[in-house]
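> So here's data.txt, just compact mmCIF, C-alpha atoms and all ligand atoms:
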```
# COMPACT_ATOMS: atom_id res chain seq x y z
CA MET A 1497 -22.80 30.25 13.52
CA SER A 1498 -24.61 27.06 12.68
CA TRP A 1499 -26.01 28.63 9.50
CA ILE A 1500 -22.54 28.44 8.05
CA ARG A 1501 -22.97 24.78 7.38
CA LYS A 1502 -26.68 24.87 6.57
CA ILE A 1503 -27.10 23.76 2.98
CA ASP A 1504 -30.36 23.93 1.02
CA LEU A 1505 -30.71 20.31 -0.04
CA THR A 1506 -33.67 21.05 -2.25
CA HIS A 1507 -31.54 23.19 -4.51
CA PRO A 1508 -31.46 21.40 -7.90
CA SER A 1509 -27.72 21.50 -8.16
CA LEU A 1510 -27.41 19.67 -4.87
CA LEU A 1511 -30.07 17.05 -5.34
CA ARG A 1512 -27.55 14.80 -7.03
CA HIS A 1513 -25.47 14.82 -3.86
CA LYS A 1514 -28.32 14.62 -1.37
CA ALA A 1515 -27.99 10.91 -0.79
CA LEU A 1516 -24.32 11.28 -0.05
CA LEU A 1517 -24.48 13.15 3.21
CA THR A 1518 -24.19 10.27 5.64
CA ASP A 1519 -21.12 8.08 5.81
CA PRO A 1520 -19.13 8.95 2.73
CA ILE A 1521 -16.70 6.08 3.06
CA ALA A 1522 -18.77 2.97 3.11
CA GLU A 1523 -22.47 3.50 2.58
CA ASN A 1524 -22.47 5.74 -0.42
CA ALA A 1525 -19.43 4.61 -2.27
CA VAL A 1526 -20.18 3.54 -5.79
CA MET A 1527 -18.18 0.35 -5.88
CA THR A 1528 -18.62 -1.80 -8.89
CA SER A 1529 -17.00 -4.86 -10.31
CA PRO A 1530 -13.62 -3.97 -11.74
CA SER A 1531 -14.42 -5.85 -14.91
CA ARG A 1532 -13.79 -3.51 -17.87
CA THR A 1533 -17.31 -4.00 -19.16
CA ALA A 1534 -18.77 -2.75 -15.88
CA ALA A 1535 -18.93 0.91 -14.87
CA PRO A 1536 -15.73 2.08 -13.22
CA ALA A 1537 -15.56 2.51 -9.46
CA ALA A 1538 -16.31 6.05 -8.40
CA SER A 1539 -16.47 8.22 -5.32
CA PRO A 1540 -19.87 9.53 -4.17
CA THR A 1541 -19.40 12.55 -6.42
CA GLY A 1542 -18.55 10.40 -9.43
CA ASP A 1543 -14.79 10.91 -9.37
CA PRO A 1544 -12.07 8.26 -9.42
CA TRP A 1545 -10.69 7.29 -6.03
CA LEU A 1546 -7.36 9.01 -5.40
CA LEU A 1547 -4.85 6.57 -3.93
CA THR A 1548 -2.19 9.27 -3.99
CA PRO A 1549 -0.31 11.46 -1.50
CA GLY A 1550 -2.48 14.47 -2.36
CA PRO A 1551 -4.69 16.02 -3.49
CA LEU A 1552 -6.84 13.32 -1.97
CA THR A 1553 -10.39 12.07 -2.13
CA THR A 1554 -12.48 14.28 0.15
CA SER A 1555 -15.94 13.59 1.56
CA PRO A 1556 -19.02 15.06 -0.13
CA THR A 1557 -19.68 17.09 3.01
CA VAL A 1558 -16.21 18.63 2.90
CA LYS A 1559 -16.81 19.61 -0.72
CA GLN A 1560 -20.23 20.97 0.17
CA ALA A 1561 -18.81 23.18 2.90
CA MET A 1562 -17.21 25.23 0.12
CA LEU A 1563 -20.56 26.34 -1.29
CA HIS A 1564 -20.43 29.73 0.41
CA ASP A 1565 -18.83 33.04 -0.40
CA TYR A 1566 -17.26 35.07 2.36
CA GLY A 1567 -15.68 38.45 2.58
CA SER A 1568 -12.38 38.34 4.43
CA ARG A 1569 -13.67 40.71 7.16
CA ASP A 1570 -16.92 38.84 7.72
CA HIS A 1571 -17.49 38.34 11.43
CA ASP A 1572 -18.50 34.69 11.07
CA PHE A 1573 -15.58 33.93 8.81
CA ILE A 1574 -13.18 35.41 11.34
CA GLY A 1575 -14.79 33.07 13.87
CA VAL A 1576 -14.12 30.07 11.63
CA ASN A 1577 -10.46 31.10 11.37
CA ARG A 1578 -10.12 31.41 15.11
CA ARG A 1579 -11.73 28.03 15.65
CA LEU A 1580 -9.55 26.39 13.00
CA ARG A 1581 -6.37 27.66 14.62
CA GLU A 1582 -7.48 26.52 18.07
CA ARG A 1583 -8.44 23.07 16.83
CA LEU A 1584 -5.15 22.52 15.02
CA LEU A 1585 -3.26 23.54 18.13
CA ALA A 1586 -5.30 21.10 20.19
CA VAL A 1587 -4.28 18.23 17.87
CA VAL A 1588 -0.70 18.54 19.20
CA HIS A 1589 -1.72 19.56 22.74
CA GLY A 1590 0.03 22.87 22.23
CA VAL A 1591 -2.46 25.21 23.88
CA GLY A 1592 -0.67 27.78 26.06
CA THR A 1593 2.83 27.03 24.75
CA HIS A 1594 2.49 27.01 20.97
CA VAL A 1595 0.60 29.00 18.35
CA CYS A 1596 -0.91 28.07 15.00
CA VAL A 1597 -0.23 30.24 11.96
CA PRO A 1598 -2.05 29.30 8.75
CA MET A 1599 -0.47 30.17 5.41
CA GLN A 1600 -1.89 30.30 1.89
CA GLY A 1601 -0.46 27.95 -0.73
CA SER A 1602 0.54 24.33 -1.07
CA GLY A 1603 2.65 22.46 1.47
CA THR A 1604 5.94 23.64 0.00
CA PHE A 1605 4.97 27.27 0.71
CA VAL A 1606 4.71 26.62 4.41
CA VAL A 1607 7.89 24.52 4.49
CA GLU A 1608 9.63 27.45 2.86
CA ALA A 1609 8.02 29.85 5.33
CA MET A 1610 9.24 27.71 8.24
CA LEU A 1611 12.86 27.62 7.05
CA GLY A 1612 12.90 31.31 6.12
CA ASN A 1613 11.46 32.39 9.45
CA PHE A 1614 13.20 30.17 11.95
CA VAL A 1615 16.71 29.93 10.52
CA PRO A 1616 18.17 33.43 10.81
CA ALA A 1617 20.53 34.88 8.22
CA ASP A 1618 23.51 34.03 10.45
CA GLY A 1619 22.12 30.60 11.42
CA LYS A 1620 22.99 27.18 10.03
CA LEU A 1621 20.61 24.31 9.33
CA LEU A 1622 21.39 20.59 9.44
CA ILE A 1623 18.91 18.77 7.21
CA LEU A 1624 18.29 15.06 7.74
CA VAL A 1625 17.59 13.69 4.28
CA ASN A 1626 16.27 10.36 3.07
CA GLY A 1627 14.10 11.45 0.18
CA ALA A 1628 12.94 14.22 -2.12
CA TYR A 1629 11.26 16.35 0.55
CA GLY A 1630 14.45 16.53 2.57
CA TRP A 1631 16.32 17.56 -0.58
CA ARG A 1632 13.64 20.17 -1.24
CA MET A 1633 14.47 21.80 2.09
CA ALA A 1634 18.11 21.98 0.99
CA ARG A 1635 16.99 23.67 -2.22
CA ILE A 1636 14.98 26.22 -0.26
CA CYS A 1637 18.11 27.01 1.77
CA GLU A 1638 19.97 27.60 -1.49
CA TYR A 1639 17.30 30.07 -2.66
CA TYR A 1640 17.42 31.84 0.69
CA ARG A 1641 21.21 31.61 0.94
CA ARG A 1642 20.97 29.98 4.35
CA ALA A 1643 24.03 28.05 5.49
CA HIS A 1644 23.12 24.37 5.61
CA VAL A 1645 24.57 20.91 5.74
CA VAL A 1646 22.89 17.67 4.66
CA GLN A 1647 23.14 14.39 6.53
CA GLU A 1648 21.88 11.73 4.15
CA THR A 1649 20.73 8.17 4.61
CA PRO A 1650 19.46 5.97 1.76
CA GLU A 1651 15.79 6.27 0.81
CA ASP A 1652 14.91 3.00 2.52
CA VAL A 1653 16.83 3.77 5.73
CA PRO A 1654 15.50 6.03 8.52
CA VAL A 1655 17.43 9.18 9.36
CA ASP A 1656 20.15 8.51 11.90
CA ALA A 1657 19.79 10.14 15.34
CA ALA A 1658 23.17 8.83 16.53
CA ALA A 1659 24.94 10.39 13.54
CA LEU A 1660 23.02 13.60 14.24
CA ASP A 1661 24.30 13.53 17.80
CA ARG A 1662 27.88 13.34 16.54
CA ALA A 1663 27.36 16.06 13.93
CA LEU A 1664 25.87 18.50 16.44
CA ALA A 1665 28.71 17.85 18.87
CA ALA A 1666 31.25 18.48 16.11
CA ASP A 1667 29.72 21.64 14.62
CA THR A 1668 28.58 24.23 17.12
CA ALA A 1669 27.65 26.65 14.31
CA ILE A 1670 24.55 24.56 13.57
CA THR A 1671 21.57 26.39 15.08
CA HIS A 1672 18.69 24.25 13.77
CA VAL A 1673 17.86 20.72 12.60
CA ALA A 1674 15.20 19.91 10.00
CA VAL A 1675 13.54 16.54 9.48
CA VAL A 1676 10.65 15.07 7.48
CA HIS A 1677 8.36 12.97 9.70
CA CYS A 1678 7.00 10.61 7.04
CA GLU A 1679 9.20 10.90 3.94
CA THR A 1680 6.50 10.59 1.29
CA THR A 1681 9.09 9.77 -1.36
CA SER A 1682 9.20 6.22 -0.02
CA GLY A 1683 6.57 6.16 2.77
CA ILE A 1684 9.22 5.67 5.46
CA LEU A 1685 8.55 6.82 9.03
CA ASN A 1686 11.48 8.70 10.51
CA PRO A 1687 12.34 8.43 14.25
CA LEU A 1688 11.07 11.84 15.28
CA GLU A 1689 11.30 11.30 19.03
CA ALA A 1690 14.96 10.27 18.87
CA VAL A 1691 15.82 13.21 16.59
CA ALA A 1692 13.97 15.65 18.87
CA GLU A 1693 15.74 14.31 21.94
CA VAL A 1694 19.17 14.78 20.33
CA ALA A 1695 18.37 18.29 19.03
CA ALA A 1696 17.01 19.36 22.43
CA ARG A 1697 20.00 17.92 24.31
CA HIS A 1698 22.31 20.01 22.11
CA GLY A 1699 20.11 23.09 22.48
CA ARG A 1700 19.30 23.36 18.75
CA GLY A 1701 15.90 24.24 17.33
CA LEU A 1702 13.97 21.46 15.56
CA LEU A 1703 11.93 22.17 12.41
CA ILE A 1704 9.60 19.38 11.27
CA ASP A 1705 7.99 18.81 7.90
CA ALA A 1706 5.07 16.59 8.96
CA MET A 1707 3.10 17.24 5.77
CA SER A 1708 1.96 13.70 5.08
CA ALA A 1709 1.81 12.41 8.68
CA PHE A 1710 0.18 15.19 10.68
CA GLY A 1711 -3.26 14.16 11.90
CA ALA A 1712 -2.67 10.42 11.50
CA ILE A 1713 0.57 9.88 13.41
CA ALA A 1714 0.72 11.32 16.91
CA LEU A 1715 2.89 14.34 17.58
CA ASP A 1716 2.57 15.69 21.12
CA ALA A 1717 4.01 19.11 21.91
CA ARG A 1718 3.97 18.32 25.64
CA ARG A 1719 6.51 15.55 25.12
CA LEU A 1720 8.33 16.47 21.93
CA SER A 1721 10.56 19.51 21.88
CA PHE A 1722 10.39 21.45 18.58
CA ASP A 1723 10.39 25.03 17.35
CA ALA A 1724 8.00 24.49 14.45
CA VAL A 1725 6.06 21.82 12.61
CA VAL A 1726 4.28 22.34 9.30
CA ALA A 1727 1.53 20.46 7.48
CA SER A 1728 -1.36 21.22 5.12
CA SER A 1729 -5.11 21.10 4.73
CA ASN A 1730 -5.34 18.32 2.22
CA LYS A 1731 -3.41 15.36 3.50
CA CYS A 1732 -4.46 13.46 6.64
CA PHE A 1733 -7.07 16.07 7.50
CA GLU A 1734 -8.83 15.38 4.19
CA GLY A 1735 -9.62 19.01 3.45
CA SER A 1736 -9.21 20.66 0.07
CA PRO A 1737 -5.74 21.67 -1.13
CA GLY A 1738 -4.81 25.34 -0.84
CA MET A 1739 -3.37 26.14 2.57
CA GLY A 1740 -0.77 25.02 5.04
CA PHE A 1741 -0.18 25.83 8.66
CA CYS A 1742 2.73 26.10 11.05
CA ILE A 1743 2.51 25.20 14.70
CA ALA A 1744 5.29 27.03 16.44
CA ARG A 1745 6.59 27.29 19.96
CA GLN A 1746 5.47 30.82 20.77
CA ALA A 1747 8.82 31.93 22.19
CA ALA A 1748 10.62 30.65 19.07
CA LEU A 1749 8.21 32.49 16.77
CA GLU A 1750 8.61 35.69 18.77
CA ALA A 1751 12.39 35.35 18.44
CA ALA A 1752 11.98 34.87 14.67
CA LYS A 1753 10.68 38.40 14.16
CA GLY A 1754 12.40 40.07 11.21
CA ASN A 1755 14.07 36.87 9.93
CA SER A 1756 11.83 36.20 6.93
CA PRO A 1757 13.39 37.00 3.55
CA SER A 1758 9.86 36.90 2.08
CA LEU A 1759 6.93 39.23 2.76
CA SER A 1760 4.14 36.84 1.77
CA LEU A 1761 5.70 33.95 3.70
CA ASP A 1762 6.47 35.93 6.86
CA LEU A 1763 4.97 33.71 9.55
CA HIS A 1764 5.70 36.14 12.34
CA ASP A 1765 3.91 38.95 10.52
CA GLN A 1766 0.98 36.66 9.62
CA TRP A 1767 0.70 35.62 13.27
CA ARG A 1768 0.78 39.16 14.62
CA ALA A 1769 -1.85 40.28 12.12
CA MET A 1770 -4.14 37.38 13.01
CA GLU A 1771 -3.72 38.01 16.68
CA ALA A 1772 -4.51 41.69 16.19
CA ASN A 1773 -7.73 41.44 14.18
CA GLY A 1774 -8.37 37.80 13.33
CA GLN A 1775 -7.79 38.48 9.64
CA TRP A 1776 -5.37 37.17 7.08
CA ARG A 1777 -2.92 39.76 5.78
CA PHE A 1778 -3.67 38.93 2.14
CA THR A 1779 -6.67 37.35 0.37
CA PRO A 1780 -7.64 34.30 2.43
CA PRO A 1781 -8.45 30.99 0.71
CA THR A 1782 -12.02 31.26 2.03
CA HIS A 1783 -13.47 28.13 0.46
CA CYS A 1784 -10.48 26.05 1.48
CA ILE A 1785 -10.84 27.29 5.08
CA LEU A 1786 -14.52 26.34 5.20
CA ALA A 1787 -13.69 22.90 3.84
CA PHE A 1788 -10.88 22.51 6.37
CA ASP A 1789 -13.20 23.45 9.23
CA ARG A 1790 -15.71 20.84 8.09
CA ALA A 1791 -12.89 18.31 7.59
CA LEU A 1792 -11.87 18.88 11.21
CA ASP A 1793 -15.43 18.08 12.34
CA GLU A 1794 -15.11 14.75 10.52
CA PHE A 1795 -11.61 14.21 11.87
CA GLU A 1796 -12.83 14.72 15.45
CA ALA A 1797 -15.90 12.54 14.87
CA GLU A 1798 -13.59 9.75 13.71
CA GLY A 1799 -11.65 9.90 16.96
CA GLY A 1800 -8.91 12.39 16.08
CA VAL A 1801 -5.37 11.18 15.45
CA ALA A 1802 -6.05 7.73 16.93
CA GLY A 1803 -9.18 7.12 14.86
CA ARG A 1804 -7.80 8.46 11.63
CA GLY A 1805 -4.49 6.70 12.09
CA ALA A 1806 -6.31 3.42 12.74
CA ARG A 1807 -8.30 3.65 9.49
CA TYR A 1808 -5.17 4.45 7.50
CA ALA A 1809 -3.28 1.60 9.18
CA GLU A 1810 -6.06 -0.79 8.19
CA ASN A 1811 -6.03 0.57 4.63
CA CYS A 1812 -2.28 0.03 4.55
CA ARG A 1813 -2.54 -3.51 5.90
CA ILE A 1814 -5.14 -4.51 3.30
CA LEU A 1815 -3.09 -2.95 0.52
CA VAL A 1816 0.25 -4.47 1.47
CA GLU A 1817 -1.17 -7.95 2.12
CA GLY A 1818 -3.15 -7.88 -1.11
CA MET A 1819 -0.28 -6.64 -3.26
CA ARG A 1820 2.12 -9.18 -1.74
CA ALA A 1821 -0.42 -11.90 -2.48
CA LEU A 1822 -0.30 -10.79 -6.12
CA GLY A 1823 3.51 -11.12 -6.04
CA PHE A 1824 4.55 -7.46 -5.60
CA GLN A 1825 7.38 -6.47 -3.27
CA THR A 1826 7.30 -3.45 -1.02
CA LEU A 1827 10.38 -1.23 -0.82
CA LEU A 1828 10.19 -1.12 2.97
CA PRO A 1829 9.91 -3.76 5.65
CA ASP A 1830 6.71 -3.40 7.69
CA ALA A 1831 8.58 -1.97 10.70
CA LEU A 1832 9.64 1.12 8.71
CA GLN A 1833 6.41 1.62 6.80
CA ALA A 1834 4.20 4.59 7.74
CA PRO A 1835 0.49 3.98 7.07
CA ILE A 1836 0.43 6.82 4.55
CA ILE A 1837 1.75 5.66 1.20
CA VAL A 1838 3.40 2.42 0.11
CA THR A 1839 6.19 2.07 -2.46
CA PHE A 1840 6.15 -1.09 -4.57
CA HIS A 1841 8.97 -2.27 -6.79
CA THR A 1842 8.09 -2.29 -10.48
CA PRO A 1843 7.51 -5.88 -11.67
CA GLY A 1844 10.35 -7.40 -13.64
CA ASP A 1845 7.95 -8.92 -16.18
CA PRO A 1846 8.75 -7.26 -19.55
CA ARG A 1847 5.02 -6.96 -20.29
CA PHE A 1848 4.64 -4.51 -17.39
CA ASP A 1849 4.48 -0.89 -18.52
CA PHE A 1850 3.72 1.63 -15.77
CA GLN A 1851 1.87 4.08 -18.02
CA VAL A 1852 -0.44 1.34 -19.33
CA PHE A 1853 -0.95 0.02 -15.79
CA TYR A 1854 -1.73 3.53 -14.53
CA ASP A 1855 -4.13 4.34 -17.38
CA ARG A 1856 -6.06 1.10 -17.02
CA LEU A 1857 -6.39 1.48 -13.26
CA ARG A 1858 -7.62 5.02 -13.88
CA GLU A 1859 -10.21 3.67 -16.30
CA ARG A 1860 -11.33 1.34 -13.53
CA GLY A 1861 -11.71 4.27 -11.14
CA PHE A 1862 -8.46 4.20 -9.15
CA VAL A 1863 -5.63 6.72 -9.45
CA ILE A 1864 -2.20 5.67 -8.21
CA TYR A 1865 1.13 7.49 -8.21
CA PRO A 1866 4.47 7.06 -9.98
CA GLY A 1867 7.62 6.33 -8.00
CA LYS A 1868 9.91 9.10 -6.76
CA LEU A 1869 12.89 6.99 -5.76
CA THR A 1870 16.37 7.53 -7.13
CA VAL A 1871 17.46 3.98 -6.29
CA ALA A 1872 14.83 1.72 -7.84
CA ASP A 1873 12.00 1.62 -10.37
CA SER A 1874 8.85 1.82 -8.35
CA PHE A 1875 5.31 3.11 -8.04
CA ARG A 1876 3.29 4.21 -5.05
CA ILE A 1877 -0.21 3.62 -3.75
CA GLY A 1878 -1.63 5.86 -1.04
CA CYS A 1879 -3.67 4.84 1.99
CA ILE A 1880 -4.91 8.31 2.97
CA GLY A 1881 -7.96 10.38 2.04
CA ARG A 1882 -11.62 9.44 2.34
CA LEU A 1883 -10.94 5.78 1.64
CA GLY A 1884 -11.80 2.65 3.59
CA GLY A 1885 -11.47 -1.11 3.27
CA GLU A 1886 -13.97 -1.29 0.43
CA GLN A 1887 -11.88 1.03 -1.73
CA MET A 1888 -8.64 -0.78 -0.90
CA HIS A 1889 -10.17 -4.14 -1.83
CA GLY A 1890 -11.62 -2.53 -4.97
CA ALA A 1891 -8.21 -1.21 -5.93
CA LEU A 1892 -6.63 -4.63 -5.42
CA ALA A 1893 -9.24 -6.25 -7.64
CA ALA A 1894 -8.56 -3.59 -10.28
CA VAL A 1895 -4.79 -4.27 -10.05
CA ARG A 1896 -5.39 -8.01 -10.43
CA ASP A 1897 -7.65 -7.57 -13.47
CA THR A 1898 -5.32 -5.04 -15.07
CA LEU A 1899 -2.31 -7.33 -14.70
CA HIS A 1900 -4.31 -10.15 -16.22
CA GLU A 1901 -5.31 -7.93 -19.14
CA MET A 1902 -1.68 -6.85 -19.66
CA GLY A 1903 -0.50 -10.46 -19.56
CA VAL A 1904 1.80 -9.76 -16.60
CA THR A 1905 2.48 -12.91 -14.63
CA ARG A 1906 5.64 -12.03 -12.67
CA CYS A 1907 5.30 -9.14 -10.23
CA ALA A 1908 8.62 -9.54 -8.41
CA PRO A 1909 11.18 -6.88 -9.38
CA ALA A 1910 13.94 -7.53 -11.86
CA SER A 1911 17.36 -7.75 -10.27
CA GLY A 1912 19.19 -4.41 -10.55
CA SER A 1913 17.37 -1.10 -10.61
CA SER A 1914 17.27 2.20 -12.41
CA THR A 1915 16.30 5.76 -11.73
CA ALA A 1916 12.85 7.26 -11.23
CA ASP A 1917 12.06 11.00 -10.97
CA GLY A 1918 14.04 11.81 -7.85
CA GLU A 1919 14.64 15.39 -6.65
CA LYS A 1920 18.20 14.85 -5.52
CA PRO A 1921 20.48 17.47 -7.07
C1 LIG B 2001 6.62 15.40 3.34
C2 LIG B 2001 6.17 16.41 2.31
N1 LIG B 2001 6.67 17.64 2.37
C3 LIG B 2001 6.31 18.58 1.48
C4 LIG B 2001 5.40 18.30 0.49
C5 LIG B 2001 5.05 19.36 -0.49
O1 LIG B 2001 3.70 19.68 -0.48
P1 LIG B 2001 3.02 20.33 -1.77
O2 LIG B 2001 3.16 19.37 -2.89
O3 LIG B 2001 1.61 20.52 -1.30
O4 LIG B 2001 3.71 21.61 -2.03
C6 LIG B 2001 4.83 17.02 0.41
C7 LIG B 2001 3.87 16.68 -0.64
O5 LIG B 2001 3.46 15.56 -0.81
C8 LIG B 2001 5.22 16.06 1.35
O6 LIG B 2001 4.72 14.82 1.32
```
The structure in this file should be written as structure tokens.

Amino acid sequence: MSWIRKIDLTHPSLLRHKALLTDPIAENAVMTSPSRTAAPAASPTGDPWLLTPGPLTTSPTVKQAMLHDYGSRDHDFIGVNRRLRERLLAVVHGVGTHVCVPMQGSGTFVVEAMLGNFVPADGKLLILVNGAYGWRMARICEYYRRAHVVQETPEDVPVDAAALDRALAADTAITHVAVVHCETTSGILNPLEAVAEVAARHGRGLLIDAMSAFGAIALDARRLSFDAVVASSNKCFEGSPGMGFCIARQAALEAAKGNSPSLSLDLHDQWRAMEANGQWRFTPPTHCILAFDRALDEFEAEGGVAGRGARYAENCRILVEGMRALGFQTLLPDALQAPIIVTFHTPGDPRFDFQVFYDRLRERGFVIYPGKLTVADSFRIGCIGRLGGEQMHGALAAVRDTLHEMGVTRCAPASGSSTADGEKP
């Protein structure tokens, strides 16, 4: 199957990328001075660096893996699918106890599939919420008319396992608990182990949205009790956007047969079909799957979860230290910060305008992200994707020069705060 990744590097359309096939992070990065007269910084394929929660900067080799067309019944393609599922299962040490079911669509599709499949029509879900992605799960329950209750903590406070303990003791109708591992709204890391321990002790199923953490923050199915965890191809795995996957305890997935209110998002049906003939039920995202397979090669070469997590942690350290040195304040204390995305308070200086700041950073080759908090004006800068120290230092230099150009001298937040684009109902 090695021909799958064989690329003709003499093809004219690829010559431009030929030099980019070694280390895409450091050696081939086109890093330039952030001065506005100089060329903007650019990735090896000439794109701005994405310091966002996704889609993310991918390596040239991941992009190149997509340069093949496959029929969905192709023998080699079916082999890639099988390998992909096995490798994802191995990331959580779930071989023999759990199964991996890929699903077309963005991350929300697979979150929706998880809730629709695992919470039966007569079940009840307790959702631990401290940001927009927790609220999104509540919205999905409304669409599916699933009984649910929300236990909320503020956006800068982790979800509360002790309060969960009390709630589960008080309400025996609750069948499942849902939690977001890293709440990307703020970048906060939730205490997954403590939540899992409480849910297991009460005999309730745990459903985890690990979209932005999976692959960079350890999650071990041998130690953590859960029914299902979902994530996607394009976050910490650095594949292309377009598909998600669910890793489910096999017995829980078997018990979920017939629960799904949706045909296309029926995880049990998708699993049975894949087990039967190795094929997707409906048109597979072939190019995305090839990219994901290549992205997993690069993930494993980097040292798996430990290696990837270490690079992101270093990116995060450089970013936070550099931004604090410029006078910015992070929303979260370091102890609560996941090395995925960092929320910064908007500077109180009246000359600061986020849209101008964003546009000028984009002109310099760095794309950042607006805030999603309901409690404070903020913006976010991501640490994930095919980025290393050079890009983080480049982004900091671009921030410094942009602030100078805007005449902003005070980066501490104004006292009092207002509302950003939160998802809370
Ligand atoms: C924790 C979490 N859950 C769900 C999603 C939704 O994923 P998507 O935007 O791909 O639908 C995201 C996206 O960033 C996320 O961070």
> Give me the residues of chain A that have any atom at most 10 Å from an atom of ligand LIG 2001 (chain B); for each, the nearest atom pair and the distance in Å, rounded to one decimal. Use only C-alpha atoms and all ligand atoms, sort by chain and number, and format it as a Markdown table.

```
| residue | atom | partner | partner_atom | distance |
| --- | --- | --- | --- | --- |
| A:Thr1548 | CA | B:LIG2001 | O5 | 9.0 |
| A:Pro1549 | CA | B:LIG2001 | O5 | 5.6 |
| A:Gly1550 | CA | B:LIG2001 | O5 | 6.2 |
| A:Pro1551 | CA | B:LIG2001 | O3 | 8.0 |
| A:Gly1601 | CA | B:LIG2001 | O4 | 7.7 |
| A:Ser1602 | CA | B:LIG2001 | O3 | 4.0 |
| A:Gly1603 | CA | B:LIG2001 | O3 | 3.5 |
| A:Thr1604 | CA | B:LIG2001 | O4 | 3.6 |
| A:Phe1605 | CA | B:LIG2001 | O4 | 6.4 |
| A:Val1606 | CA | B:LIG2001 | O4 | 8.2 |
| A:Val1607 | CA | B:LIG2001 | C3 | 6.8 |
| A:Glu1608 | CA | B:LIG2001 | C3 | 9.6 |
| A:Gly1627 | CA | B:LIG2001 | C1 | 9.0 |
| A:Ala1628 | CA | B:LIG2001 | C2 | 8.4 |
| A:Tyr1629 | CA | B:LIG2001 | N1 | 5.1 |
| A:Gly1630 | CA | B:LIG2001 | N1 | 7.9 |
| A:Arg1632 | CA | B:LIG2001 | C3 | 8.0 |
| A:Met1633 | CA | B:LIG2001 | C3 | 8.8 |
| A:Val1675 | CA | B:LIG2001 | C1 | 9.3 |
| A:Val1676 | CA | B:LIG2001 | C1 | 5.8 |
| A:His1677 | CA | B:LIG2001 | C1 | 7.0 |
| A:Cys1678 | CA | B:LIG2001 | C1 | 6.1 |
| A:Glu1679 | CA | B:LIG2001 | C1 | 5.2 |
| A:Thr1680 | CA | B:LIG2001 | O6 | 4.6 |
| A:Thr1681 | CA | B:LIG2001 | O6 | 7.2 |
| A:Ser1682 | CA | B:LIG2001 | O6 | 9.8 |
| A:Gly1683 | CA | B:LIG2001 | O6 | 9.0 |
| A:Ile1704 | CA | B:LIG2001 | C1 | 9.4 |
| A:Asp1705 | CA | B:LIG2001 | N1 | 5.8 |
| A:Ala1706 | CA | B:LIG2001 | C1 | 6.0 |
| A:Met1707 | CA | B:LIG2001 | C1 | 4.7 |
| A:Ser1708 | CA | B:LIG2001 | O6 | 4.8 |
| A:Ala1709 | CA | B:LIG2001 | C1 | 7.8 |
| A:Phe1710 | CA | B:LIG2001 | C1 | 9.8 |
| A:Val1726 | CA | B:LIG2001 | N1 | 8.7 |
| A:Ala1727 | CA | B:LIG2001 | N1 | 7.8 |
| A:Ser1728 | CA | B:LIG2001 | O3 | 7.1 |
| A:Ser1729 | CA | B:LIG2001 | O3 | 9.0 |
| A:Asn1730 | CA | B:LIG2001 | O3 | 8.1 |
| A:Lys1731 | CA | B:LIG2001 | O5 | 8.1 |
| A:Pro1737 | CA | B:LIG2001 | O3 | 7.4 |
| A:Gly1738 | CA | B:LIG2001 | O3 | 8.0 |
| A:Met1739 | CA | B:LIG2001 | O3 | 8.4 |
| A:Gly1740 | CA | B:LIG2001 | O3 | 8.1 |
| A:Ile1836 | CA | B:LIG2001 | O6 | 9.6 |
| A:Ile1837 | CA | B:LIG2001 | O6 | 9.6 |
```
> What does the structure give for the distance between CA of Val1691 in chain A and CA of Pro1654 in chain A, in Å to one decimal?
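Distance between the two atoms: 10.8 Å.
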> Please list as a PyMOL selection string every residue within 8 Å of Gly1844 in chain A, counting all atoms listed in the file and excluding residues in the same chain fewer than 2 positions away.
chain A and resi 1842+1846+1848+1906-1911
> Within 9 Å of Ile1713 in chain A, counting all atoms listed in the file, which residues show up once you throw out same-chain ones fewer than 4 positions away? Write them as a list in words, please.
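After dropping sequence-adjacent residues, the list is Ala1709, Val1801, Ala1802, Arg1804, Gly1805, Ala1834 and Pro1835 of chain A.
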> Figure out the distance between CA of Leu1899 in chain A and CA of Ala1821 in chain A, please, to one decimal in Å.
13.2 Å
